Amino acid sequence: MTTKIFAVHTATALVEPITVLFKEHLPDVKLNHIADDSLIQEVISAGYVTMAVRKRLIAYYFAAVDAGADIIFNTCSSVGEIATYARELIPIPILKIDDPMAIKATQLSTKIAVIATLPTTLSPTSNLIKNKAASSGKKN
C-alpha cells in the first residue's frame with residue numbers, strides 16, 4: 001500500500017520544490033498538496049498567527065484526513081506551533097518541516113542561533129529548539 005502524504009503549505013512557492021524533493025527521495029510516496037497563500041500573508045501582516053489562520057490551518061489538516069492522508073507534512077515554520085497543537089486533534093501524524101533541524105541542532109550544540117527569512121518564524125523556531133532541547137534533557 002502506498003503512503004499518502006498531504007503537504008500543507010502557507011505559500012504556493014513551495015509546492016514545486018517539495019514535489020521535486022519527494023520524487024527524488026521518496027518516489028513511492030503519493031504526495032498531495034494543500035496550499036493557501038493567504039495564510040502566510042495574514043501572519044506577516046498581523047505579525048503573529050491569528051485565530052483565523054489557526055482555524056483555517058486546522059481545517060486543512062482535517063481535510064487531509066478526510067481525503068485519506070496517512071501523514072500530514074506542515075511546510076511552514078511560522079505556523080509550526082499550530083501544527084504542534086493540532087497533533088492532539090488530528091488522528092494521523094503531523095510532521096513539521098523544521099523538526100529534524102531542531103533535533104539535530106540540539107544534539108550538536110548547546111548554543112543555537114535562529115536566522116529566518118520572516119520575522120514571524122523567529123519565535124516559533126526558537127520555541128521549537130527550546131522544546132527539543134528540554135525533551136532531550138538539555139537546559140535552555
# chains A, B, ... in the order shown; residues from 1 in each chain; ligands from 1
>>> residues_around(residues="range 28-38 of chain A", least_positions_apart="2", cutoff="10 Å", atoms="only C-alpha atoms", output="ChimeraX atom specification")
/A:1-16,18-19,22-26,40-44,53,56-57,60-61,63-64,67,69-75
>>> write_last_selection(atoms="C-alpha atoms", output="PDB file, in the first residue's frame")
ATOM      1  CA  MET A   1       0.000   0.000   0.000  1.00  0.00           C
ATOM      2  CA  THR A   2       1.319   3.415  -0.956  1.00  0.00           C
ATOM      3  CA  THR A   3       1.751   6.015   1.777  1.00  0.00           C
ATOM      4  CA  LYS A   4      -0.294   9.125   1.082  1.00  0.00           C
ATOM      5  CA  ILE A   5       1.179  12.379   2.379  1.00  0.00           C
ATOM      6  CA  PHE A   6      -0.547  15.737   2.263  1.00  0.00           C
ATOM      7  CA  ALA A   7       1.827  18.698   2.343  1.00  0.00           C
ATOM      8  CA  VAL A   8       0.114  21.740   3.816  1.00  0.00           C
ATOM      9  CA  HIS A   9       1.660  24.988   2.596  1.00  0.00           C
ATOM     10  CA  THR A  10       1.156  28.610   3.569  1.00  0.00           C
ATOM     11  CA  ALA A  11       2.725  29.652   0.278  1.00  0.00           C
ATOM     12  CA  THR A  12       2.333  28.107  -3.152  1.00  0.00           C
ATOM     13  CA  ALA A  13       6.004  28.758  -3.915  1.00  0.00           C
ATOM     14  CA  LEU A  14       6.949  25.596  -2.022  1.00  0.00           C
ATOM     15  CA  VAL A  15       4.717  23.217  -3.954  1.00  0.00           C
ATOM     16  CA  GLU A  16       7.139  22.652  -6.832  1.00  0.00           C
ATOM     17  CA  ILE A  18       8.735  19.962  -2.315  1.00  0.00           C
ATOM     18  CA  THR A  19       7.317  17.873  -5.171  1.00  0.00           C
ATOM     19  CA  PHE A  22       9.689  13.918  -2.766  1.00  0.00           C
ATOM     20  CA  LYS A  23      10.073  12.461  -6.277  1.00  0.00           C
ATOM     21  CA  GLU A  24      13.833  12.261  -5.773  1.00  0.00           C
ATOM     22  CA  HIS A  25      13.926  10.920  -2.203  1.00  0.00           C
ATOM     23  CA  LEU A  26      10.531   9.244  -1.684  1.00  0.00           C
ATOM     24  CA  ILE A  40       1.291  33.494   5.440  1.00  0.00           C
ATOM     25  CA  GLN A  41       0.153  36.876   4.130  1.00  0.00           C
ATOM     26  CA  GLU A  42      -2.138  37.244   7.143  1.00  0.00           C
ATOM     27  CA  VAL A  43       0.575  36.061   9.546  1.00  0.00           C
ATOM     28  CA  ILE A  44       3.067  38.553   8.106  1.00  0.00           C
ATOM     29  CA  VAL A  53      -5.224  31.403  10.349  1.00  0.00           C
ATOM     30  CA  ARG A  56      -8.145  27.546   8.524  1.00  0.00           C
ATOM     31  CA  LEU A  57      -4.938  25.583   9.030  1.00  0.00           C
ATOM     32  CA  TYR A  60      -6.875  21.937   6.135  1.00  0.00           C
ATOM     33  CA  TYR A  61      -5.416  19.238   8.372  1.00  0.00           C
ATOM     34  CA  ALA A  63      -9.450  17.997   5.045  1.00  0.00           C
ATOM     35  CA  ALA A  64      -6.270  15.982   4.505  1.00  0.00           C
ATOM     36  CA  ALA A  67      -9.036  12.802   1.799  1.00  0.00           C
ATOM     37  CA  ALA A  69      -3.903  11.084   4.163  1.00  0.00           C
ATOM     38  CA  ASP A  70      -1.618   8.800   6.145  1.00  0.00           C
ATOM     39  CA  ILE A  71       0.649  11.683   7.161  1.00  0.00           C
ATOM     40  CA  ILE A  72       0.396  15.476   7.103  1.00  0.00           C
ATOM     41  CA  PHE A  73       3.554  17.430   6.304  1.00  0.00           C
ATOM     42  CA  ASN A  74       3.473  21.009   7.614  1.00  0.00           C
ATOM     43  CA  THR A  75       5.885  23.045   5.475  1.00  0.00           C
TER      44      THR A  75
END
>>> select_by_dssp(residues="range 68-100 of chain A", states="helix (DSSP H, G or I)", output="PyMOL selection string")
chain A and resi 77-86+99-100
>>> closest_residue(among="A:Val65, A:Leu108, A:Pro119, A:Gly137", to="Pro91 in chain A", atoms="only C-alpha atoms")
A:Val65
>>> closest_residue(among="A:Asn131, A:Thr120, A:Ser136, A:Ser126", to="Val49 in chain A", atoms="only C-alpha atoms")
A:Thr120
